[in-house]
$ cat coords.txt   # compact mmCIF, C-alpha atoms
# COMPACT_ATOMS: atom_id res chain seq x y z
CA MET J 1 -9.27 -27.64 -33.88
CA THR J 2 -6.83 -25.63 -31.81
CA ILE J 3 -3.08 -26.28 -32.07
CA ARG J 4 -1.10 -25.39 -28.96
CA ILE J 5 2.49 -24.32 -29.51
CA PRO J 6 4.79 -24.81 -26.48
CA ASN J 7 6.55 -21.77 -25.24
CA SER J 8 10.26 -21.36 -25.71
CA ARG J 9 11.11 -22.48 -22.17
CA SER J 10 9.26 -25.77 -22.62
CA LEU J 11 10.97 -26.33 -25.96
CA LEU J 12 14.43 -25.85 -24.45
CA LEU J 13 13.65 -28.32 -21.66
CA LEU J 14 12.53 -30.87 -24.20
CA LEU J 15 15.74 -30.52 -26.25
CA PHE J 16 17.91 -30.69 -23.13
CA SER J 17 16.20 -33.89 -22.01
CA THR J 18 16.81 -35.43 -25.44
CA LEU J 19 20.50 -34.60 -25.26
CA LEU J 20 20.78 -36.17 -21.84
CA LEU J 21 19.19 -39.37 -23.06
CA SER J 22 21.46 -39.58 -26.12
CA SER J 23 24.64 -38.85 -24.10
CA CYS J 24 23.93 -41.83 -21.87
CA ILE J 25 24.39 -44.25 -24.77
CA THR J 26 27.77 -46.08 -24.59
CA VAL J 27 29.42 -48.39 -27.11
CA ASP J 28 30.65 -51.72 -25.81
CA LYS J 29 33.69 -52.41 -28.01
CA THR J 30 34.09 -55.93 -26.59
CA ILE J 31 30.80 -57.16 -28.06
CA GLY J 32 31.53 -60.24 -30.15
CA SER J 33 35.09 -60.68 -28.87
CA ASN J 34 34.05 -63.95 -27.19
CA LEU J 35 33.13 -65.28 -30.62
CA ILE J 36 36.70 -64.83 -32.04
CA PRO J 37 38.82 -68.01 -31.83
CA THR J 38 41.77 -67.61 -29.47
CA ASP J 39 44.22 -68.31 -32.31
CA GLN J 40 42.81 -65.36 -34.24
CA ASP J 41 42.69 -62.83 -31.41
CA LEU J 42 45.36 -60.44 -32.67
CA THR J 43 46.55 -57.67 -30.36
CA LEU J 44 49.14 -55.31 -31.81
CA HIS J 45 52.38 -54.52 -29.98
CA THR J 46 55.57 -52.69 -30.91
CA ALA J 47 59.25 -53.35 -30.29
CA ILE J 48 62.42 -51.52 -31.29
CA PHE J 49 65.83 -53.06 -32.04
CA ALA J 50 69.19 -51.45 -32.73
CA LEU J 51 70.36 -52.24 -36.26
CA PRO J 52 73.70 -54.04 -36.59
CA VAL J 53 75.10 -51.98 -39.46
CA ASP J 54 78.41 -50.63 -40.73
CA SER J 55 79.77 -49.44 -44.11
CA ARG J 56 81.07 -51.86 -46.72
CA PRO J 57 81.96 -51.58 -50.43
CA THR J 58 79.73 -53.00 -53.15
CA ASP J 59 82.60 -54.39 -55.18
CA SER J 60 81.77 -56.71 -58.07
CA LEU J 61 78.89 -54.46 -59.05
CA GLN J 62 77.46 -55.23 -62.48
CA MET J 63 78.01 -52.21 -64.72
CA ASN J 64 77.10 -53.59 -68.15
CA ASN J 65 74.42 -52.57 -70.62
CA HIS J 66 72.87 -56.05 -70.92
CA PHE J 67 72.02 -56.15 -67.23
CA PHE J 68 70.23 -52.81 -67.66
CA ILE J 69 68.46 -53.89 -70.84
CA PHE J 70 65.16 -52.30 -69.76
CA ASP J 71 66.91 -48.93 -69.81
CA ARG J 72 67.97 -49.57 -73.43
CA TYR J 73 71.20 -47.69 -72.78
CA LEU J 74 73.75 -47.80 -70.03
CA PRO J 75 75.58 -44.46 -70.24
CA PHE J 76 79.29 -44.42 -70.97
CA LEU J 77 81.02 -43.23 -67.82
CA PHE J 78 84.50 -41.75 -67.66
CA GLY J 79 86.26 -39.20 -65.50
CA ALA J 80 87.51 -38.82 -61.96
CA CYS J 81 86.75 -36.83 -58.83
CA TYR J 82 88.23 -36.47 -55.36
CA ASP J 83 86.50 -36.07 -52.00
CA PRO J 84 88.62 -35.70 -48.84
CA LEU J 85 86.59 -38.35 -46.99
CA PHE J 86 85.76 -40.83 -49.73
CA GLY J 87 89.00 -40.33 -51.62
CA LEU J 88 89.66 -40.62 -55.34
CA THR J 89 87.07 -42.18 -57.67
CA GLU J 90 88.12 -43.02 -61.23
CA ALA J 91 85.89 -44.35 -63.98
CA GLY J 92 86.26 -45.46 -67.57
CA THR J 93 84.26 -47.31 -70.22
CA VAL J 94 85.16 -50.42 -72.19
CA PHE J 95 83.00 -50.93 -75.28
CA GLN J 96 82.73 -52.93 -78.47
CA PHE J 97 82.10 -51.43 -81.91
CA VAL J 98 81.13 -52.70 -85.38
CA PRO J 99 80.77 -51.14 -88.84
CA THR J 100 77.22 -50.28 -89.88
CA THR J 101 77.68 -51.66 -93.40
CA PRO J 102 79.72 -54.64 -94.69
CA TYR J 103 80.84 -52.89 -97.87
CA SER J 104 84.25 -53.66 -99.31
CA TYR J 105 86.98 -51.11 -98.64
CA GLY J 106 88.63 -51.83 -102.00
CA ASP J 107 92.32 -52.36 -102.60
CA ASP J 108 94.87 -50.20 -100.81
CA PRO J 109 92.53 -47.70 -99.07
CA VAL J 110 94.33 -44.75 -97.49
CA PRO J 111 93.02 -43.53 -94.09
CA VAL J 112 92.38 -39.80 -93.77
CA SER J 113 90.88 -39.54 -90.28
CA LEU J 114 89.27 -41.60 -87.53
CA THR J 115 87.00 -39.76 -85.10
CA LEU J 116 85.16 -41.00 -82.01
CA THR J 117 82.14 -38.78 -81.28
CA LEU J 118 80.51 -38.77 -77.83
CA VAL J 119 77.29 -36.93 -76.95
CA ARG J 120 76.97 -35.89 -73.31
CA GLN J 121 74.03 -36.97 -71.22
CA LYS J 122 75.08 -35.17 -68.03
CA HIS J 123 78.01 -34.69 -65.71
CA ILE J 124 78.51 -34.92 -61.97
CA VAL J 125 80.80 -32.63 -60.00
CA LEU J 126 81.32 -32.24 -56.27
CA SER J 127 81.81 -28.50 -56.70
CA GLU J 128 80.17 -26.36 -59.39
CA ASN J 129 83.44 -24.65 -60.28
CA GLN J 130 84.59 -28.00 -61.70
CA ALA J 131 81.85 -28.24 -64.35
CA SER J 132 84.05 -26.87 -67.15
CA ILE J 133 87.51 -27.92 -66.09
CA PRO J 134 89.78 -29.35 -68.82
CA GLN J 135 90.26 -33.12 -68.72
CA ASN J 136 92.86 -34.94 -70.79
CA VAL J 137 91.09 -37.84 -72.49
CA PHE J 138 92.73 -41.07 -73.66
CA VAL J 139 91.44 -43.99 -75.74
CA HIS J 140 93.14 -47.39 -75.64
CA GLU J 141 92.75 -50.55 -77.71
CA VAL J 142 91.44 -53.48 -75.67
CA TYR J 143 93.36 -56.77 -75.87
CA THR J 144 91.10 -59.00 -73.75
CA GLU J 145 87.99 -60.64 -75.20
CA LEU J 146 84.91 -59.19 -73.50
CA THR J 147 82.48 -61.73 -72.05
CA HIS J 148 79.66 -61.74 -69.49
CA LYS J 149 82.36 -62.22 -66.84
CA SER J 150 83.72 -58.76 -67.72
CA ALA J 151 80.52 -57.16 -66.43
CA TYR J 152 81.67 -56.02 -63.00
CA ASN J 153 83.10 -52.64 -62.13
CA ASN J 154 86.43 -54.28 -61.19
CA SER J 155 86.56 -57.06 -63.81
CA LEU J 156 88.92 -55.32 -66.19
CA GLU J 157 92.32 -53.95 -65.26
CA PRO J 158 95.09 -51.98 -67.03
CA GLN J 159 96.68 -55.16 -68.39
CA ASP J 160 93.53 -55.76 -70.43
CA TRP J 161 94.25 -52.85 -72.78
CA ASN J 162 97.27 -51.39 -74.52
CA SER J 163 99.05 -48.98 -72.19
CA LEU J 164 99.83 -46.73 -75.19
CA PRO J 165 96.72 -44.75 -76.22
CA ILE J 166 95.49 -44.73 -79.82
CA SER J 167 94.02 -41.25 -79.29
CA GLN J 168 96.12 -38.48 -80.74
CA PRO J 169 97.90 -36.19 -78.23
CA GLY J 170 96.08 -33.15 -76.86
CA GLN J 171 92.53 -34.51 -76.67
CA ILE J 172 90.98 -32.25 -74.02
CA TYR J 173 87.37 -32.23 -72.83
CA PHE J 174 85.76 -29.21 -71.16
CA GLY J 175 82.41 -30.85 -70.38
CA THR J 176 80.65 -29.56 -73.51
CA ASP J 177 77.66 -31.25 -75.15
CA THR J 178 79.74 -33.08 -77.76
CA LEU J 179 83.25 -34.49 -77.56
CA ARG J 180 85.15 -35.47 -80.72
CA ILE J 181 88.32 -37.47 -80.20
CA SER J 182 90.83 -37.91 -83.01
CA LEU J 183 92.29 -41.43 -83.11
CA SER J 184 95.54 -42.54 -84.69
CA LEU J 185 95.81 -43.23 -88.41
CA ASP J 186 97.70 -46.44 -87.59
CA PHE J 187 94.61 -47.80 -85.88
CA ALA J 188 92.44 -46.55 -88.76
CA ARG J 189 94.70 -48.42 -91.19
CA GLU J 190 94.28 -51.59 -89.14
CA LEU J 191 90.47 -51.25 -89.28
CA LEU J 192 90.65 -51.01 -93.08
CA THR J 193 92.24 -54.47 -93.19
CA ALA J 194 89.08 -56.15 -91.88
CA THR J 195 88.12 -59.07 -94.09
CA GLN J 196 84.70 -59.47 -95.73
CA LYS J 197 83.91 -62.29 -93.30
CA GLU J 198 84.78 -60.06 -90.35
CA ARG J 199 82.70 -57.20 -91.70
CA ASP J 200 79.70 -59.50 -92.29
CA SER J 201 79.60 -60.98 -88.78
CA LEU J 202 79.41 -59.05 -85.52
CA SER J 203 80.74 -62.00 -83.48
CA ILE J 204 83.72 -62.52 -85.80
CA PHE J 205 84.50 -58.80 -86.00
CA VAL J 206 84.67 -58.37 -82.20
CA LYS J 207 86.97 -61.35 -81.87
CA ARG J 208 89.58 -59.45 -83.85
CA TYR J 209 88.79 -55.89 -82.77
CA LYS J 210 87.92 -56.56 -79.15
CA GLY J 211 86.98 -53.04 -78.14
CA LEU J 212 88.14 -49.64 -76.91
CA TYR J 213 88.69 -48.16 -73.47
CA ILE J 214 88.17 -44.47 -72.73
CA ARG J 215 89.44 -42.71 -69.61
CA THR J 216 90.68 -39.37 -68.32
CA GLU J 217 93.94 -38.42 -66.69
CA THR J 218 94.05 -38.81 -62.90
CA PRO J 219 93.42 -35.33 -61.42
CA ASN J 220 95.19 -33.60 -58.60
CA THR J 221 93.66 -34.48 -55.24
CA ASP J 222 92.31 -31.03 -54.50
CA ILE J 223 89.18 -30.98 -52.33
CA ASN J 224 86.03 -31.70 -54.38
CA SER J 225 87.96 -31.65 -57.64
CA GLY J 226 87.26 -33.47 -60.89
CA ARG J 227 84.26 -34.40 -63.01
CA LEU J 228 82.40 -37.61 -63.93
CA ASN J 229 81.00 -37.60 -67.47
CA PHE J 230 77.99 -39.60 -68.63
CA ILE J 231 77.59 -40.18 -72.39
CA HIS J 232 74.34 -41.43 -73.92
CA ASP J 233 75.43 -41.81 -77.53
CA ALA J 234 78.70 -42.78 -79.21
CA SER J 235 79.75 -43.38 -82.79
CA MET J 236 82.95 -43.59 -84.79
CA THR J 237 83.68 -42.37 -88.31
CA LEU J 238 86.56 -43.50 -90.50
CA LYS J 239 87.29 -41.42 -93.61
CA TYR J 240 89.58 -42.78 -96.31
CA THR J 241 90.40 -42.37 -99.98
CA LEU J 242 90.39 -45.05 -102.64
CA ASP J 243 91.74 -44.29 -106.07
CA GLY J 244 91.41 -40.58 -105.33
CA ALA J 245 87.76 -40.82 -104.22
CA ASP J 246 86.59 -40.07 -100.70
CA SER J 247 84.77 -42.80 -98.75
CA THR J 248 83.44 -43.20 -95.21
CA VAL J 249 82.89 -46.10 -92.77
CA ASN J 250 80.59 -45.54 -89.80
CA TYR J 251 80.77 -47.61 -86.63
CA ILE J 252 78.22 -48.21 -83.89
CA CYS J 253 79.70 -48.18 -80.37
CA GLY J 254 78.32 -50.06 -77.36
CA GLU J 255 74.76 -50.17 -78.75
CA ASN J 256 72.50 -52.46 -76.75
CA TYR J 257 70.21 -53.01 -79.71
CA PHE J 258 73.07 -54.68 -81.60
CA TYR J 259 74.16 -56.55 -78.44
CA LEU J 260 77.51 -54.87 -78.30
CA ARG J 261 79.06 -55.11 -74.87
CA LEU J 262 79.64 -52.01 -72.79
CA PHE J 263 81.18 -52.06 -69.31
CA ASN J 264 81.88 -49.19 -66.96
CA THR J 265 84.95 -49.69 -64.81
CA VAL J 266 85.12 -47.91 -61.45
CA THR J 267 87.74 -47.82 -58.71
CA HIS J 268 87.62 -46.10 -55.31
CA SER J 269 90.68 -45.28 -53.19
CA ARG J 270 88.55 -44.88 -50.02
CA SER J 271 91.06 -42.45 -48.53
CA SER J 272 90.38 -41.77 -44.82
CA LEU J 273 87.02 -43.56 -44.59
CA ASP J 274 86.62 -45.78 -41.49
CA SER J 275 84.31 -48.64 -42.49
CA HIS J 276 83.67 -49.66 -38.89
CA SER J 277 83.05 -46.21 -37.43
CA THR J 278 80.36 -46.22 -34.72
CA GLN J 279 79.78 -42.49 -35.09
CA ASN J 280 79.07 -42.44 -38.82
CA ILE J 281 77.71 -44.74 -41.48
CA TYR J 282 78.70 -43.82 -45.02
CA TYR J 283 77.03 -43.94 -48.41
CA GLN J 284 79.02 -43.60 -51.63
CA GLY J 285 77.57 -44.04 -55.10
CA LEU J 286 78.76 -46.37 -57.87
CA ALA J 287 80.75 -49.25 -56.27
CA GLY J 288 81.69 -47.38 -53.09
CA HIS J 289 80.87 -47.94 -49.43
CA LYS J 290 77.21 -48.29 -48.45
CA PRO J 291 75.34 -49.15 -45.23
CA TYR J 292 75.61 -52.92 -44.75
CA ILE J 293 72.93 -54.54 -42.58
CA ASP J 294 73.82 -57.75 -40.78
CA PHE J 295 70.49 -59.60 -40.86
CA VAL J 296 72.13 -62.66 -39.31
CA ALA J 297 72.88 -60.67 -36.16
CA LEU J 298 69.54 -58.84 -36.31
CA THR J 299 67.46 -62.03 -36.45
CA GLN J 300 69.54 -63.43 -33.58
CA ASP J 301 68.70 -60.33 -31.54
CA ILE J 302 65.01 -60.78 -32.34
CA GLN J 303 65.20 -64.47 -31.39
CA ALA J 304 66.81 -63.59 -28.04
CA TRP J 305 64.13 -60.95 -27.37
CA ALA J 306 61.38 -63.43 -28.29
CA GLU J 307 62.73 -66.09 -25.95
CA GLN J 308 62.93 -63.58 -23.11
CA SER J 309 59.36 -62.48 -23.89
CA GLN J 310 58.23 -66.12 -24.18
CA ILE J 311 57.24 -65.65 -27.82
CA ASP J 312 57.56 -68.32 -30.48
CA THR J 313 58.99 -66.48 -33.50
CA LYS J 314 57.20 -68.94 -35.80
CA LYS J 315 53.95 -67.46 -34.42
CA LEU J 316 55.18 -63.87 -34.64
CA LEU J 317 53.03 -62.07 -37.21
CA LEU J 318 54.51 -58.78 -38.44
CA SER J 319 52.10 -56.00 -39.32
CA ARG J 320 54.99 -53.69 -40.22
CA ALA J 321 58.78 -53.73 -39.96
CA GLU J 322 60.50 -50.44 -40.64
CA MET J 323 64.19 -49.53 -40.72
CA VAL J 324 65.12 -45.93 -39.94
CA PHE J 325 68.39 -44.11 -40.67
CA SER J 326 68.97 -40.53 -39.50
CA TYR J 327 71.37 -37.86 -40.66
CA ASP J 328 72.46 -34.55 -39.17
CA SER J 329 69.64 -32.03 -39.58
CA GLU J 330 72.18 -29.19 -39.58
CA THR J 331 73.99 -30.52 -42.65
CA ASP J 332 74.56 -27.80 -45.23
CA TYR J 333 71.90 -27.81 -47.96
CA THR J 334 74.51 -28.05 -50.72
CA VAL J 335 75.71 -31.29 -49.13
CA ILE J 336 72.16 -32.62 -48.70
CA ASP J 337 71.71 -32.19 -52.45
CA GLN J 338 74.28 -34.98 -52.85
CA TYR J 339 72.23 -37.39 -50.73
CA PRO J 340 70.42 -40.20 -52.63
CA SER J 341 66.72 -39.62 -53.19
CA VAL J 342 65.61 -43.20 -52.49
CA LEU J 343 67.36 -45.98 -50.57
CA TYR J 344 66.38 -49.62 -50.29
CA PRO J 345 68.10 -52.84 -49.15
CA PHE J 346 69.69 -55.00 -51.87
CA THR J 347 71.04 -58.51 -51.47
CA ARG J 348 73.66 -60.16 -53.61
CA ARG J 349 72.16 -62.92 -55.77
CA TYR J 350 74.09 -65.70 -57.46
CA ALA J 351 73.44 -67.37 -60.82
CA ASP J 352 75.89 -69.87 -62.31
CA SER J 353 79.27 -68.12 -62.27
CA THR J 354 77.94 -64.58 -61.88
CA SER J 355 76.46 -62.48 -59.11
CA TYR J 356 74.30 -59.38 -59.09
CA PHE J 357 72.46 -57.09 -56.67
CA MET J 358 68.67 -57.03 -56.48
CA PRO J 359 66.30 -55.25 -54.04
CA VAL J 360 64.45 -57.38 -51.50
CA GLU J 361 60.95 -58.35 -52.63
CA ASN J 362 59.27 -55.85 -50.31
CA VAL J 363 60.21 -53.10 -52.77
CA TYR J 364 57.13 -54.13 -54.79
CA ALA J 365 54.79 -53.61 -51.82
CA LEU J 366 52.64 -50.49 -51.54
CA HIS J 367 54.24 -47.76 -49.39
CA SER J 368 57.64 -49.44 -49.29
CA ASP J 369 59.06 -45.94 -48.78
CA GLY J 370 62.82 -45.40 -48.71
CA ASN J 371 62.48 -41.76 -49.80
CA ILE J 372 64.52 -39.07 -48.10
CA ASN J 373 62.43 -37.24 -45.48
CA ARG J 374 63.96 -33.79 -45.17
CA SER J 375 61.54 -32.66 -42.45
CA LYS J 376 62.62 -35.54 -40.19
CA SER J 377 66.19 -35.76 -41.51
CA GLN J 378 65.89 -39.48 -42.04
CA TYR J 379 65.18 -42.37 -44.38
CA SER J 380 62.70 -45.08 -43.45
CA MET J 381 61.91 -48.22 -45.42
CA ASN J 382 59.39 -51.01 -45.09
CA ILE J 383 60.91 -54.54 -44.98
CA THR J 384 57.92 -56.36 -43.45
CA SER J 385 57.65 -59.37 -45.73
CA TYR J 386 61.46 -59.77 -46.01
CA LEU J 387 61.92 -59.85 -42.24
CA GLN J 388 58.94 -62.20 -41.86
CA PHE J 389 60.58 -64.48 -44.43
CA LEU J 390 63.88 -64.46 -42.51
CA LEU J 391 62.18 -65.26 -39.20
CA MET J 392 60.51 -68.27 -40.82
CA LYS J 393 63.75 -69.60 -42.35
CA ALA J 394 65.52 -72.57 -40.80
CA SER J 395 68.74 -70.54 -40.80
CA VAL J 396 69.73 -67.03 -41.86
CA THR J 397 73.09 -66.79 -43.64
CA GLU J 398 75.43 -64.07 -44.83
CA ARG J 399 73.70 -64.13 -48.22
CA ASP J 400 70.62 -62.66 -46.50
CA ASN J 401 72.57 -59.56 -45.43
CA ALA J 402 71.89 -56.42 -47.41
CA TRP J 403 73.39 -53.15 -48.63
CA LEU J 404 71.34 -49.96 -48.81
CA MET J 405 71.53 -48.74 -52.39
CA GLU J 406 70.02 -45.90 -54.39
CA THR J 407 66.92 -47.28 -56.09
CA ALA J 408 64.91 -46.37 -59.19
CA ARG J 409 61.82 -47.85 -60.83
CA TYR J 410 61.37 -48.62 -64.50
CA ASP J 411 57.80 -48.97 -65.84
CA ASP J 412 57.56 -51.28 -68.82
CA GLN J 413 54.62 -49.94 -70.81
CA THR J 414 54.54 -53.02 -73.04
CA THR J 415 54.15 -55.62 -70.30
CA GLN J 416 52.63 -53.25 -67.74
CA THR J 417 55.18 -54.39 -65.18
CA GLN J 418 57.55 -52.58 -62.84
CA MET J 419 61.25 -53.22 -62.43
CA TYR J 420 63.46 -51.86 -59.66
CA HIS J 421 67.20 -51.48 -59.97
CA TYR J 422 70.11 -49.68 -58.39
CA VAL J 423 71.04 -46.34 -59.93
CA SER J 424 74.32 -46.63 -61.80
CA ASP J 425 74.41 -43.18 -63.39
CA SER J 426 74.68 -41.00 -60.29
CA TYR J 427 77.29 -40.47 -57.61
CA PRO J 428 75.62 -39.52 -54.30
CA LEU J 429 77.59 -39.11 -51.07
CA ALA J 430 75.99 -39.22 -47.61
CA THR J 431 76.82 -39.66 -43.95
CA PHE J 432 74.31 -41.17 -41.50
CA LYS J 433 74.39 -41.25 -37.72
CA GLY J 434 76.15 -44.33 -36.43
CA THR J 435 75.39 -47.05 -33.92
CA ALA J 436 76.98 -45.20 -30.99
CA THR J 437 74.94 -42.00 -31.40
CA GLU J 438 71.63 -41.02 -29.81
CA SER J 439 69.89 -41.23 -33.19
CA LYS J 440 71.35 -44.58 -34.16
CA PRO J 441 69.74 -46.70 -36.90
CA TYR J 442 66.93 -48.88 -35.62
CA LEU J 443 64.27 -51.38 -36.60
CA LYS J 444 60.70 -50.87 -35.36
CA ILE J 445 58.27 -53.75 -35.63
CA THR J 446 54.51 -53.77 -35.11
CA TYR J 447 53.44 -57.34 -34.44
CA SER J 448 50.88 -59.80 -33.08
CA VAL J 449 51.38 -63.28 -31.71
CA LEU J 450 49.24 -66.13 -32.95
CA LYS J 451 47.95 -68.15 -30.02

$ encode --input "coords.txt" --output "structure tokens"
Amino acid sequence: MTIRIPNSRSLLLLLFSTLLLSSCITVDKTIGSNLIPTDQDLTLHTAIFALPVDSRPTDSLQMNNHFFIFDRYLPFLFGACYDPLFGLTEAGTVFQFVPTTPYSYGDDPVPVSLTLTLVRQKHIVLSENQASIPQNVFVHEVYTELTHKSAYNNSLEPQDWNSLPISQPGQIYFGTDTLRISLSLDFARELLTATQKERDSLSIFVKRYKGLYIRTETPNTDINSGRLNFIHDASMTLKYTLDGADSTVNYICGENYFYLRLFNTVTHSRSSLDSHSTQNIYYQGLAGHKPYIDFVALTQDIQAWAEQSQIDTKKLLLSRAEMVFSYDSETDYTVIDQYPSVLYPFTRRYADSTSYFMPVENVYALHSDGNINRSKSQYSMNITSYLQFLLMKASVTERDNAWLMETARYDDQTTQTQMYHYVSDSYPLATFKGTATESKPYLKITYSVLK
């Protein structure tokens, strides 16, 4: 049998003809569309809305260790710093303490020394040349009983502690790893009068010795001056003699494991900051000013747009709702380092006689974002389910409004759950472009309408 092999020209013609036939095949993307019910025919659209936002303080911010129980410790915070825009920020810590052992002190013990030891976790300065500045430190005896209602940054005031410090004069801190503060022998002598019943019971002991307050002297208001100190461990040691023999009493301070209360107090002077500026929106850490989003006004704007577009908001199905905040791309890199790493909207929740801030539920969704995007000079965050919830509500109230706050996640390895909370041990400062600028904050929604 003879096999004939086509020449190259015939082979090329054959391949070309095959390509022509295959290129004539088209895909009809509408096939099957007539089988989809009209109430399930979802076509995606987009719309953009200006965000009604200004800057408002987050006063009554919970700063107690029991609220942050999943962190085990809430750092002691004391110090002060000054920024020409945000003004003077001052912080101090109120904490309870108890003896580690209920041993008897004997008859007529004589105090030798009383020392409060603090171990530094970190410090925050607005200028690096302030990292080692001297700070005069004072410790005061607290007169007010500490309860869950003392938990807020502004709950306790100077009248709640003795204006005369029990720390000995000349206690200066240079920001080193360990700070040892010598306390008065008069206060040490008072501690040695604790009864056996008081030593045996934490609750009875703290009714008599209500706690201590630590602070620093108010600094001069030089630009970017001062230092905020965060302490992760504190203890107190009382040395005394009894019948010529040396003895020691150790005290635990503000330990969450022993359910001792610890509250950080923070005040902000807010200097020249204009809360209602349309050019700038401000972010200040701790209990300072933060972007405040008026969701009442925003949902009203969406309702007005829907009516004009003949859309029933109850049939508006959000695929994505994203808030975007921009900042000046030319901002100096040293300033950008002070910007928060993650922002997310928090609402104020109420329980009995207390209130607290919690992130909206969308924070648990995948790709909720909120991270700083340095390439785009902006933050963007997904609030799809929260906005959908608001649009379905009978009425949106002021309690649905939200503050943007620095956010962190805690992974509980025991329960395999995630917890999100605001960051209380940092002090970021940031300025975003306001509502009257070209890059004003906005909400972008991707949506469909159920028919």

$ closest_residue --input "coords.txt" --among "J:Asp411, J:Asp328, J:Glu322, J:Glu406" --to "J:Thr446" --atoms "only C-alpha atoms"
J:Glu322

$ closest_residue --input "coords.txt" --among "J:Thr58, J:Thr347, J:Ile311, J:Thr331" --to "J:Tyr447" --atoms "all atoms listed in the file"
J:Ile311

$ closest_residue --input "coords.txt" --among "J:Tyr259, J:Asp400, J:Tyr386, J:Ala321" --to "J:Tyr350" --atoms "all atoms listed in the file"
J:Asp400

$ atom_distance --input "coords.txt" --atom1 "atom CA of J:Met323" --atom2 "atom CA of J:Met381"
5.4 Å

$ residues_around --input "coords.txt" --residues "J:Pro169" --least-positions-apart "4" --cutoff "10 Å" --atoms "only C-alpha atoms" --output "VMD selection string"
chain J and resid 136 to 138 165 181 to 184

$ write_last_selection --input "coords.txt" --atoms "C-alpha atoms" --output "PDB file, in the coordinates of the input"
ATOM      1  CA  ASN J 136      92.860 -34.940 -70.790  1.00  0.00           C
ATOM      2  CA  VAL J 137      91.090 -37.840 -72.490  1.00  0.00           C
ATOM      3  CA  PHE J 138      92.730 -41.070 -73.660  1.00  0.00           C
ATOM      4  CA  PRO J 165      96.720 -44.750 -76.220  1.00  0.00           C
ATOM      5  CA  ILE J 181      88.320 -37.470 -80.200  1.00  0.00           C
ATOM      6  CA  SER J 182      90.830 -37.910 -83.010  1.00  0.00           C
ATOM      7  CA  LEU J 183      92.290 -41.430 -83.110  1.00  0.00           C
ATOM      8  CA  SER J 184      95.540 -42.540 -84.690  1.00  0.00           C
TER       9      SER J 184
END

$ closest_residue --input "coords.txt" --among "J:Leu85, J:Leu77, J:Met392, J:Val360" --to "J:Tyr427" --atoms "all atoms listed in the file"
J:Leu77

$ residues_around --input "coords.txt" --residues "J:Gln159" --least-positions-apart "5" --cutoff "12 Å" --atoms "only C-alpha atoms" --output "VMD selection string"
chain J and resid 140 to 144 164 213

$ write_last_selection --input "coords.txt" --atoms "C-alpha atoms" --output "mmCIF file, in the frame of the given file"
data_model
loop_
_atom_site.group_PDB
_atom_site.id
_atom_site.type_symbol
_atom_site.label_atom_id
_atom_site.label_comp_id
_atom_site.auth_asym_id
_atom_site.auth_seq_id
_atom_site.Cartn_x
_atom_site.Cartn_y
_atom_site.Cartn_z
ATOM 1 C CA HIS J 140 93.140 -47.390 -75.640
ATOM 2 C CA GLU J 141 92.750 -50.550 -77.710
ATOM 3 C CA VAL J 142 91.440 -53.480 -75.670
ATOM 4 C CA TYR J 143 93.360 -56.770 -75.870
ATOM 5 C CA THR J 144 91.100 -59.000 -73.750
ATOM 6 C CA LEU J 164 99.830 -46.730 -75.190
ATOM 7 C CA TYR J 213 88.690 -48.160 -73.470
#

$ residues_around --input "coords.txt" --residues "stretch 251-255 of chain J" --least-positions-apart "5" --cutoff "7 Å" --atoms "all atoms listed in the file" --output "PyMOL selection string"
chain J and resi 95-100+234-237+260-262

$ atom_distance --input "coords.txt" --atom1 "atom CA of J:Lys122" --atom2 "atom CA of J:Tyr173"
13.5 Å

$ residues_around --input "coords.txt" --residues "J:Tyr282" --least-positions-apart "2" --cutoff "8 Å" --atoms "all atoms listed in the file" --output "mmCIF file with C-alpha atoms, in the frame of the given file"
data_model
loop_
_atom_site.group_PDB
_atom_site.id
_atom_site.type_symbol
_atom_site.label_atom_id
_atom_site.label_comp_id
_atom_site.auth_asym_id
_atom_site.auth_seq_id
_atom_site.Cartn_x
_atom_site.Cartn_y
_atom_site.Cartn_z
ATOM 1 C CA SER J 55 79.770 -49.440 -44.110
ATOM 2 C CA SER J 275 84.310 -48.640 -42.490
ATOM 3 C CA ASN J 280 79.070 -42.440 -38.820
ATOM 4 C CA GLN J 284 79.020 -43.600 -51.630
ATOM 5 C CA HIS J 289 80.870 -47.940 -49.430
ATOM 6 C CA LYS J 290 77.210 -48.290 -48.450
ATOM 7 C CA PRO J 291 75.340 -49.150 -45.230
ATOM 8 C CA LEU J 429 77.590 -39.110 -51.070
ATOM 9 C CA ALA J 430 75.990 -39.220 -47.610
ATOM 10 C CA THR J 431 76.820 -39.660 -43.950
ATOM 11 C CA PHE J 432 74.310 -41.170 -41.500
#

$ atom_distance --input "coords.txt" --atom1 "atom CA of J:Asn65" --atom2 "atom CA of J:Phe263"
6.9 Å

$ closest_residue --input "coords.txt" --among "J:Ser163, J:Thr397, J:Thr407, J:Gln300" --to "J:Met358" --atoms "all atoms listed in the file"
J:Thr407

$ closest_residue --input "coords.txt" --among "J:Ser380, J:Val363, J:Pro102, J:Ser272" --to "J:Phe205" --atoms "all atoms listed in the file"
J:Pro102

$ residues_around --input "coords.txt" --residues "J:Glu190" --least-positions-apart "4" --cutoff "10 Å" --atoms "all atoms listed in the file" --output "number ranges by chain"
J: 111, 185-186, 194, 209

$ residues_near_point --input "coords.txt" --point "(71.1, -59.3, -39.0)" --cutoff "10 Å" --atoms "only C-alpha atoms" --output "ChimeraX atom specification"
/J:51-53,292-302,387,390,396-398,400-402
